Amino acid sequence: MIFSFIYNNGYFIVEEMMLDKINDKLTPILNQVMERNTGEKEFHQAVHEVLGSLGHVIARHPEYADNALIERLCEPERQIIFRVPWVDDQGDIHINRGFRVQFNSALGPYKGGLRFHPTVNVGIIKFLGFEQTFKNALTGMPIGGGKGGSDFNPRGRTDREIMRFCQSFMTELQRHIGEYIDVPAGDIGVGGREIGYMFGQFKRLTNRYEAGVITGKGLLYGGSRARTEATGYGAVYFVERMLATKGYGFEGQRAVVSGSGNVAIYTIQKLTSLGAKVVACSDSNGYIIDEGGIDIDLVREIKEQRRGRIKEYAEHKGHSVKYVENGSIWDVPCDIAMPSATQNELASDNARTLVKNGLIAVGEGANMPSTPEAIDIFQEAGILFAPGKAANAGGVATSALEMQQNASRDSWTFEETESRLAGIMHSIHDLCYETAKEYGVPGDYVRGANIAGFVRVAEAMRALGII
Ligand code: NDP
Ligand code: 2IT
C-alpha cells in the first residue's frame with residue numbers, strides 16, 4: 001500500500017493512493033519513480049495520476065510502452081539547480097536556490113513558468129514540469145514542457161530587492177534558455193514586473209533583443225495582449241463548454257474561486273461577465289465572502305496595485321463582507337468551484353463538503369489543486385471535473401501566441417488574441433471529452449486529458465528515436 005503525504009493549510013494529511021487504478025506494466029515504473037525521486041511527494045502524485053490513466057492506452061497501443069518510452073517520459077531531460085546570491089536594501093546578503101527543470105522537448109522548446117515561493121523545491125518544480133509537458137501537448141502548439149523557479153519569498157520585499165533578485169536569477173538562467181531552447185514565463189510570485197526585470201537582464205547579458213526568450217512581457221516590449229487575462233479567461237471558457245455538455249450555463253450560478261492572484265482575478269472577472277455570481281475568494285491568510293458578488297475592481301486595486309492582503313477587501317467594504325481567517329474557503333456553498341491558488345489546496349474533506357452543499361462543477365485554475373482523493377469524490381458524485389492540465393492551459397497557449405507574434409514581429413488586437421484563446425480552449429475541451437469517450441470513460445476529463453496529452457507526446461517521442 002502506498003500513501004501520499006499532502007500539505008494542506010499547515011498540516012500534512014496522509015491519504016491512501018488508489019494503486020488499483022494502475023496497470024501491471026506501469027506499477028514497476030511508478031515504483032521506480034518513487035524510489036529514484038525520494039521524498040518528492042508532489043512529483044510522485046503527478047506521475048501516479050498520469051500513469052493511472054494509461055492502462056487502456058497501453059492495452060490498445062502496446063507500442064507506446066516500447067523502448068522504455070514511459071520511463072523516459074518520467075525522467076526530465078535536464079535538471080538545473082543553481083545559487084542565487086542577492087543583496088537586500090540593508091546590504092545583507094541572501095542565498096536562494098534557483099531551479100529549471102527541462103522536462104520534455106519532443107514537441108518543441110521547453111516551455112513553462114517560473115515560480116518564486118518559499119515552498120519551492122526540486123520535487124515541486126518536477127511535478128509542475130511533468131504536468132506542463134501534457135498540458136502543452138493538449139494545446140496543439142509546438143511547445144515542450146519545463147518549469148523553474150526559486151525558494152525566494154517576494155512577500156514584503158521592496159521593488160529594488162525584487163529587481164536585484166531577478167537580475168541575479170537571470171544571470172545564471174540565461175545560459176540555459178533561448179527562443180529555440182527553453183522559454184520561461186510567470187507563475188506564483190512572478191508577474192509582469194518580474195518578467196520585465198528578467199528580460200532586461202537577459203538582454204543586457206546577451207546583447208540580443210530576443211523577445212521570444214520569455215513570455216508574459218509588457219506590451220511595449222514584445223508582450224501579447226490578453227496574456228495577463230489568459231489563464232483565468234481560458235479556464236472559464238473550458239468550464240462553460242463542459243457545463244454545456246449537461247445543458248447548464250453560467251447565468252445565476254454561484255461560484256467560489258480560491259486565491260486572489262493572476263489566475264483567480266481573471267477567473268472571477270470572466271465568470272461575472274458571463275452571468276455567474278462569485279461570492280468568495282482568498283489568499284493564504286484567509287477568505288472573504290461577499291454575497292453581493294466580488295467587486296473585482298477592488299480586488300485588483302488591493303492585489304495588483306498595492307500588493308496587499310485580501311483582508312483589506314473586508315476592511316474597505318464594512319459589514320456586508322465577512323473575512324474568515326485560516327478557515328477553508330470550500331466551506332462556502334457554491335455550484336461552481338474554481339481552485340486557483342496552489343497544489344493540494346482542496347482535500348477529501350473539502351470535496352465532501354462541496355458535494356454535500358450542491359456543487360455541480362469544478363474547474364482547476366491552479367496546477368494540481370485537488371488531491372487524488374478529492375478528485376475521486378467528485379467523480380463518484382457525478383460532478384463535472386475539469387483538471388488543471390486542461391482547464392488552465394489558456395495561459396501557456398497564449399504564451400505560445402506571444403511567441404508567434406514575436407517570431408513574425410507582429411502584434412494582434414485584444415479581440416483577435418482572445419478569440420484565438422477561446423478557440424484553443426474549446427478544442428482542448430473537445431479533445432479531452434472525445435478521448436474519454438473513445439477510451440470507454442465518458443465524462444472523465446482527468447483520463448481524457450492525460451490520455452490525449454500522452455498520445456501526442458508519445459507519438460513525437462517515437463518519431464524522434466531513443467533520445
Ligand atoms: P499569483 O502569485 O498571482 O497568486 C497566487 C495566489 O495563490 C495568491 O492569492 C496566493 O496567496 C495564493 N497561494 C499561493 N501559494 C499558496 C499556498 N501555499 N497556500 C495558500 N495560498 C497560496 O499566482 P498565479 O495566480 O499565477 O498562480 C495560481 C495557480 O495557477 C498556481 O497553481 C499556478 O501554478 C497556476 N497557473 C498559473 C498560470 C499563469 O499563467 N500565471 C498558468 C497556469 C496555471 P498569498 O498572496 O497569500 O501567497
Ligand atoms: O502553469 C502554467 O501553465 C504557467 N505558469 C504558464 C506557463 C507559460 O509558459 O505561460
# chains A, B, ... in the order shown; residues from 1 in each chain; ligands from 1

call {"tool": "residues_near_ligand", "arguments": {"ligand": "ligand 2", "cutoff": "10 Å", "atoms": "only C-alpha atoms and all ligand atoms", "output": "ChimeraX atom specification"}}
result
/A:110-115,128-129,131-133,135-136,143-148,182-188,190-191,214-216,227-228,230-231,263,365-368,388-402

call {"tool": "residues_around", "arguments": {"residues": "Arg175 in chain A", "least_positions_apart": "5", "cutoff": "10 Å", "atoms": "only C-alpha atoms", "output": "PDB file with N, CA and C atoms, in the first residue's frame"}}
result
ATOM      1  N   MET A 170      18.489  35.628 -13.290  1.00  0.00           N
ATOM      2  CA  MET A 170      18.657  35.542 -14.740  1.00  0.00           C
ATOM      3  C   MET A 170      20.136  35.458 -15.142  1.00  0.00           C
ATOM      4  N   PHE A 202      18.462  39.641 -19.233  1.00  0.00           N
ATOM      5  CA  PHE A 202      18.819  38.728 -20.335  1.00  0.00           C
ATOM      6  C   PHE A 202      19.353  39.543 -21.517  1.00  0.00           C
ATOM      7  N   LEU A 205      22.852  40.911 -20.746  1.00  0.00           N
ATOM      8  CA  LEU A 205      23.931  39.915 -20.720  1.00  0.00           C
ATOM      9  C   LEU A 205      24.240  39.355 -22.107  1.00  0.00           C
ATOM     10  N   THR A 206      23.218  39.223 -22.939  1.00  0.00           N
ATOM     11  CA  THR A 206      23.418  38.561 -24.234  1.00  0.00           C
ATOM     12  C   THR A 206      23.584  39.547 -25.384  1.00  0.00           C
TER      13      THR A 206
END

call {"tool": "closest_residue", "arguments": {"among": "A:Val50, A:Leu26, A:Cys281, A:Ala463", "to": "ligand 1", "atoms": "only C-alpha atoms and all ligand atoms"}}
result
A:Cys281

call {"tool": "residues_around", "arguments": {"residues": "Ile294 in chain A", "least_positions_apart": "2", "cutoff": "7 Å", "atoms": "only C-alpha atoms", "output": "list in words"}}
result
Val278, Val279, Ala280, Asp290, Gly292 and Ile296 of chain A

call {"tool": "select_by_dssp", "arguments": {"residues": "range 84-273 of chain A", "states": "alpha helix (DSSP H)", "output": "ChimeraX atom specification"}}
result
/A:122-139,159-173,192-206,227-244,262-273

call {"tool": "write_last_selection", "arguments": {"atoms": "C-alpha atoms", "output": "short mmCIF file (atom, residue, chain, number, x, y, z; two decimals), in the first residue's frame"}}
result
data_model
loop_
_atom_site.label_atom_id
_atom_site.label_comp_id
_atom_site.auth_asym_id
_atom_site.auth_seq_id
_atom_site.Cartn_x
_atom_site.Cartn_y
_atom_site.Cartn_z
CA VAL A 122 13.03 20.31 -6.84
CA GLY A 123 10.04 17.97 -6.31
CA ILE A 124 7.57 20.85 -6.79
CA ILE A 125 9.33 22.02 -9.94
CA LYS A 126 9.43 18.46 -11.29
CA PHE A 127 5.72 17.90 -10.71
CA LEU A 128 4.98 21.19 -12.46
CA GLY A 129 7.31 20.38 -15.39
CA PHE A 130 5.76 16.92 -15.78
CA GLU A 131 2.22 18.35 -15.80
CA GLN A 132 3.32 21.09 -18.18
CA THR A 133 4.50 18.54 -20.74
CA PHE A 134 0.99 17.09 -21.15
CA LYS A 135 -0.75 20.46 -20.82
CA ASN A 136 1.36 21.93 -23.59
CA ALA A 137 0.67 18.90 -25.77
CA LEU A 138 -3.07 19.44 -25.29
CA THR A 139 -2.81 22.97 -26.69
CA ASP A 159 10.86 46.83 -5.69
CA ARG A 160 14.66 47.24 -5.71
CA GLU A 161 15.13 43.95 -3.86
CA ILE A 162 12.86 42.19 -6.36
CA MET A 163 14.88 43.69 -9.21
CA ARG A 164 18.24 42.61 -7.75
CA PHE A 165 16.92 39.12 -7.10
CA CYS A 166 15.53 38.80 -10.67
CA GLN A 167 18.80 40.04 -12.14
CA SER A 168 20.84 37.55 -10.14
CA PHE A 169 18.43 34.72 -11.03
CA MET A 170 18.66 35.54 -14.74
CA THR A 171 22.45 35.93 -14.63
CA GLU A 172 22.62 32.16 -14.22
CA LEU A 173 19.42 31.13 -16.04
CA GLY A 192 4.79 41.36 -15.34
CA ARG A 193 7.18 43.23 -13.06
CA GLU A 194 9.48 40.23 -12.54
CA ILE A 195 9.34 39.23 -16.22
CA GLY A 196 10.40 42.79 -17.13
CA TYR A 197 13.43 42.71 -14.81
CA MET A 198 14.45 39.25 -16.03
CA PHE A 199 14.08 40.14 -19.71
CA GLY A 200 16.07 43.34 -19.10
CA GLN A 201 18.93 41.36 -17.57
CA PHE A 202 18.82 38.73 -20.34
CA LYS A 203 19.04 41.48 -22.96
CA ARG A 204 21.95 43.11 -21.18
CA LEU A 205 23.93 39.91 -20.72
CA THR A 206 23.42 38.56 -24.23
CA ARG A 227 -1.74 37.10 -21.84
CA THR A 228 -2.43 38.59 -18.39
CA GLU A 229 -6.08 37.54 -18.58
CA ALA A 230 -5.50 34.27 -20.45
CA THR A 231 -5.28 31.62 -17.73
CA GLY A 232 -8.39 32.77 -15.89
CA TYR A 233 -10.42 33.52 -19.03
CA GLY A 234 -9.34 30.23 -20.58
CA ALA A 235 -10.37 28.23 -17.50
CA VAL A 236 -13.82 29.83 -17.62
CA TYR A 237 -14.18 29.06 -21.36
CA PHE A 238 -13.31 25.44 -20.63
CA VAL A 239 -15.86 25.19 -17.82
CA GLU A 240 -18.50 26.92 -19.97
CA ARG A 241 -18.09 24.24 -22.64
CA MET A 242 -18.07 21.47 -20.03
CA LEU A 243 -21.29 22.79 -18.43
CA ALA A 244 -22.91 22.92 -21.87
CA ASN A 262 -3.38 36.45 -11.51
CA VAL A 263 -5.42 33.34 -12.27
CA ALA A 264 -8.12 34.00 -9.65
CA ILE A 265 -8.64 37.64 -10.63
CA TYR A 266 -9.34 36.97 -14.31
CA THR A 267 -11.38 33.87 -13.50
CA ILE A 268 -13.63 36.00 -11.29
CA GLN A 269 -13.85 38.73 -13.92
CA LYS A 270 -14.88 36.36 -16.72
CA LEU A 271 -17.29 34.33 -14.55
CA THR A 272 -19.02 37.54 -13.52
CA SER A 273 -19.24 38.87 -17.07
#

call {"tool": "closest_residue", "arguments": {"among": "A:Ile29, A:Ser284, A:Arg254, A:Pro369", "to": "Asn357 in chain A", "atoms": "only C-alpha atoms"}}
result
A:Arg254

call {"tool": "residues_around", "arguments": {"residues": "range 304-311 of chain A", "least_positions_apart": "4", "cutoff": "9 Å", "atoms": "only C-alpha atoms", "output": "number ranges by chain"}}
result
A: 155, 260-262, 281-283, 285-288, 299-300, 315-316, 323-325

call {"tool": "write_last_selection", "arguments": {"atoms": "N, CA, C and O atoms", "output": "PDB file, in the first residue's frame"}}
result
ATOM      1  N   ARG A 155       7.310  38.183  -0.759  1.00  0.00           N
ATOM      2  CA  ARG A 155       6.409  38.917   0.155  1.00  0.00           C
ATOM      3  C   ARG A 155       7.198  39.913   1.010  1.00  0.00           C
ATOM      4  O   ARG A 155       8.163  39.539   1.687  1.00  0.00           O
ATOM      5  N   SER A 260      -6.284  34.932  -4.992  1.00  0.00           N
ATOM      6  CA  SER A 260      -6.651  36.282  -5.445  1.00  0.00           C
ATOM      7  C   SER A 260      -5.478  36.845  -6.228  1.00  0.00           C
ATOM      8  O   SER A 260      -5.205  38.041  -6.225  1.00  0.00           O
ATOM      9  N   GLY A 261      -4.761  35.937  -6.898  1.00  0.00           N
ATOM     10  CA  GLY A 261      -3.635  36.330  -7.738  1.00  0.00           C
ATOM     11  C   GLY A 261      -4.059  36.414  -9.190  1.00  0.00           C
ATOM     12  O   GLY A 261      -5.251  36.574  -9.498  1.00  0.00           O
ATOM     13  N   ASN A 262      -3.108  36.271 -10.079  1.00  0.00           N
ATOM     14  CA  ASN A 262      -3.378  36.452 -11.508  1.00  0.00           C
ATOM     15  C   ASN A 262      -4.505  35.555 -12.011  1.00  0.00           C
ATOM     16  O   ASN A 262      -5.448  36.029 -12.651  1.00  0.00           O
ATOM     17  N   CYS A 281     -13.398  34.638  -2.418  1.00  0.00           N
ATOM     18  CA  CYS A 281     -12.021  34.417  -2.894  1.00  0.00           C
ATOM     19  C   CYS A 281     -11.101  34.522  -1.676  1.00  0.00           C
ATOM     20  O   CYS A 281     -11.564  34.813  -0.567  1.00  0.00           O
ATOM     21  N   SER A 282      -9.793  34.272  -1.869  1.00  0.00           N
ATOM     22  CA  SER A 282      -8.934  34.099  -0.685  1.00  0.00           C
ATOM     23  C   SER A 282      -7.478  34.496  -0.947  1.00  0.00           C
ATOM     24  O   SER A 282      -7.101  34.784  -2.079  1.00  0.00           O
ATOM     25  N   ASP A 283      -6.684  34.481   0.104  1.00  0.00           N
ATOM     26  CA  ASP A 283      -5.230  34.388  -0.049  1.00  0.00           C
ATOM     27  C   ASP A 283      -4.757  33.418   1.029  1.00  0.00           C
ATOM     28  O   ASP A 283      -5.596  32.741   1.655  1.00  0.00           O
ATOM     29  N   ASN A 285      -3.833  33.747   3.910  1.00  0.00           N
ATOM     30  CA  ASN A 285      -4.206  34.052   5.288  1.00  0.00           C
ATOM     31  C   ASN A 285      -5.680  33.824   5.600  1.00  0.00           C
ATOM     32  O   ASN A 285      -6.043  33.633   6.755  1.00  0.00           O
ATOM     33  N   GLY A 286      -6.550  33.891   4.589  1.00  0.00           N
ATOM     34  CA  GLY A 286      -7.975  33.748   4.867  1.00  0.00           C
ATOM     35  C   GLY A 286      -8.817  33.985   3.639  1.00  0.00           C
ATOM     36  O   GLY A 286      -8.291  34.142   2.536  1.00  0.00           O
ATOM     37  N   TYR A 287     -10.153  33.980   3.831  1.00  0.00           N
ATOM     38  CA  TYR A 287     -11.034  34.218   2.688  1.00  0.00           C
ATOM     39  C   TYR A 287     -12.110  35.239   3.016  1.00  0.00           C
ATOM     40  O   TYR A 287     -12.407  35.483   4.188  1.00  0.00           O
ATOM     41  N   ILE A 288     -12.668  35.829   1.951  1.00  0.00           N
ATOM     42  CA  ILE A 288     -13.761  36.782   2.130  1.00  0.00           C
ATOM     43  C   ILE A 288     -15.023  36.226   1.480  1.00  0.00           C
ATOM     44  O   ILE A 288     -14.945  35.511   0.481  1.00  0.00           O
ATOM     45  N   VAL A 299     -10.644  44.133  -5.760  1.00  0.00           N
ATOM     46  CA  VAL A 299      -9.612  43.083  -5.601  1.00  0.00           C
ATOM     47  C   VAL A 299      -8.363  43.466  -6.400  1.00  0.00           C
ATOM     48  O   VAL A 299      -7.242  43.356  -5.914  1.00  0.00           O
ATOM     49  N   ARG A 300      -8.575  43.939  -7.611  1.00  0.00           N
ATOM     50  CA  ARG A 300      -7.423  44.309  -8.452  1.00  0.00           C
ATOM     51  C   ARG A 300      -6.633  45.458  -7.833  1.00  0.00           C
ATOM     52  O   ARG A 300      -5.408  45.466  -7.850  1.00  0.00           O
ATOM     53  N   GLU A 315     -12.143  45.095   5.119  1.00  0.00           N
ATOM     54  CA  GLU A 315     -11.962  46.351   5.866  1.00  0.00           C
ATOM     55  C   GLU A 315     -12.558  47.518   5.077  1.00  0.00           C
ATOM     56  O   GLU A 315     -13.187  48.412   5.636  1.00  0.00           O
ATOM     57  N   HIS A 316     -12.393  47.462   3.763  1.00  0.00           N
ATOM     58  CA  HIS A 316     -12.892  48.539   2.911  1.00  0.00           C
ATOM     59  C   HIS A 316     -14.417  48.509   2.785  1.00  0.00           C
ATOM     60  O   HIS A 316     -15.080  49.535   2.816  1.00  0.00           O
ATOM     61  N   TYR A 323     -14.848  38.346   6.633  1.00  0.00           N
ATOM     62  CA  TYR A 323     -13.485  37.832   6.436  1.00  0.00           C
ATOM     63  C   TYR A 323     -13.262  36.682   7.411  1.00  0.00           C
ATOM     64  O   TYR A 323     -13.511  36.825   8.612  1.00  0.00           O
ATOM     65  N   VAL A 324     -12.837  35.537   6.909  1.00  0.00           N
ATOM     66  CA  VAL A 324     -12.592  34.379   7.772  1.00  0.00           C
ATOM     67  C   VAL A 324     -11.111  34.050   7.715  1.00  0.00           C
ATOM     68  O   VAL A 324     -10.576  33.709   6.650  1.00  0.00           O
ATOM     69  N   GLU A 325     -10.454  34.179   8.874  1.00  0.00           N
ATOM     70  CA  GLU A 325      -9.019  33.916   8.893  1.00  0.00           C
ATOM     71  C   GLU A 325      -8.768  32.424   9.068  1.00  0.00           C
ATOM     72  O   GLU A 325      -9.436  31.774   9.884  1.00  0.00           O
TER      73      GLU A 325
END

call {"tool": "residues_around", "arguments": {"residues": "His61 in chain A", "least_positions_apart": "2", "cutoff": "12 Å", "atoms": "only C-alpha atoms", "output": "PyMOL selection string"}}
result
chain A and resi 54-59+63-66+439+451+454-455+458-459

call {"tool": "select_by_dssp", "arguments": {"residues": "range 289-369 of chain A", "states": "strand (DSSP E)", "output": "list in words"}}
result
Ile289, Asp290, Val321, Lys322, Tyr323, Val324, Glu325, Ile336, Ala337, Met338, Ala361, Val362 and Gly363 of chain A

call {"tool": "write_last_selection", "arguments": {"atoms": "N, CA, C and O atoms", "output": "JSON list (two decimals), in the first residue's frame"}}
result
[["chain", "number", "residue", "atom", "x", "y", "z"],
["A", 289, "ILE", "N", -16.17, 36.56, 2.08],
["A", 289, "ILE", "CA", -17.45, 36.23, 1.46],
["A", 289, "ILE", "C", -18.18, 37.54, 1.23],
["A", 289, "ILE", "O", -18.39, 38.32, 2.17],
["A", 290, "ASP", "N", -18.55, 37.78, -0.03],
["A", 290, "ASP", "CA", -19.32, 38.96, -0.39],
["A", 290, "ASP", "C", -20.55, 38.48, -1.13],
["A", 290, "ASP", "O", -20.48, 38.16, -2.32],
["A", 321, "VAL", "N", -19.41, 42.40, 4.17],
["A", 321, "VAL", "CA", -18.43, 41.37, 3.77],
["A", 321, "VAL", "C", -17.86, 40.69, 5.00],
["A", 321, "VAL", "O", -17.51, 41.34, 5.99],
["A", 322, "LYS", "N", -17.76, 39.37, 4.93],
["A", 322, "LYS", "CA", -17.20, 38.61, 6.06],
["A", 322, "LYS", "C", -15.78, 38.17, 5.71],
["A", 322, "LYS", "O", -15.54, 37.68, 4.59],
["A", 323, "TYR", "N", -14.85, 38.35, 6.63],
["A", 323, "TYR", "CA", -13.48, 37.83, 6.44],
["A", 323, "TYR", "C", -13.26, 36.68, 7.41],
["A", 323, "TYR", "O", -13.51, 36.83, 8.61],
["A", 324, "VAL", "N", -12.84, 35.54, 6.91],
["A", 324, "VAL", "CA", -12.59, 34.38, 7.77],
["A", 324, "VAL", "C", -11.11, 34.05, 7.72],
["A", 324, "VAL", "O", -10.58, 33.71, 6.65],
["A", 325, "GLU", "N", -10.45, 34.18, 8.87],
["A", 325, "GLU", "CA", -9.02, 33.92, 8.89],
["A", 325, "GLU", "C", -8.77, 32.42, 9.07],
["A", 325, "GLU", "O", -9.44, 31.77, 9.88],
["A", 336, "ILE", "N", -20.33, 26.18, -8.52],
["A", 336, "ILE", "CA", -19.10, 26.01, -9.30],
["A", 336, "ILE", "C", -17.90, 26.41, -8.44],
["A", 336, "ILE", "O", -17.88, 27.51, -7.87],
["A", 337, "ALA", "N", -16.92, 25.50, -8.34],
["A", 337, "ALA", "CA", -15.71, 25.78, -7.56],
["A", 337, "ALA", "C", -14.53, 25.86, -8.51],
["A", 337, "ALA", "O", -14.35, 24.96, -9.33],
["A", 338, "MET", "N", -13.75, 26.94, -8.39],
["A", 338, "MET", "CA", -12.57, 27.05, -9.25],
["A", 338, "MET", "C", -11.31, 27.30, -8.40],
["A", 338, "MET", "O", -10.93, 28.45, -8.14],
["A", 361, "ALA", "N", -19.95, 21.65, -10.59],
["A", 361, "ALA", "CA", -18.74, 21.58, -11.43],
["A", 361, "ALA", "C", -17.53, 22.15, -10.72],
["A", 361, "ALA", "O", -17.63, 23.06, -9.89],
["A", 362, "VAL", "N", -16.35, 21.58, -11.07],
["A", 362, "VAL", "CA", -15.06, 22.09, -10.59],
["A", 362, "VAL", "C", -14.19, 22.38, -11.81],
["A", 362, "VAL", "O", -14.08, 21.54, -12.71],
["A", 363, "GLY", "N", -13.58, 23.55, -11.83],
["A", 363, "GLY", "CA", -12.61, 23.87, -12.90],
["A", 363, "GLY", "C", -11.31, 24.28, -12.23],
["A", 363, "GLY", "O", -11.27, 25.27, -11.50]]

call {"tool": "atom_distance", "arguments": {"atom1": "atom 8 (C, counted along the ligand's line) of ligand 1", "atom2": "CA of Thr342 in chain A"}}
result
8.0 Å

call {"tool": "atom_distance", "arguments": {"atom1": "CA of Leu431 in chain A", "atom2": "CA of Gly448 in chain A"}}
result
7.6 Å
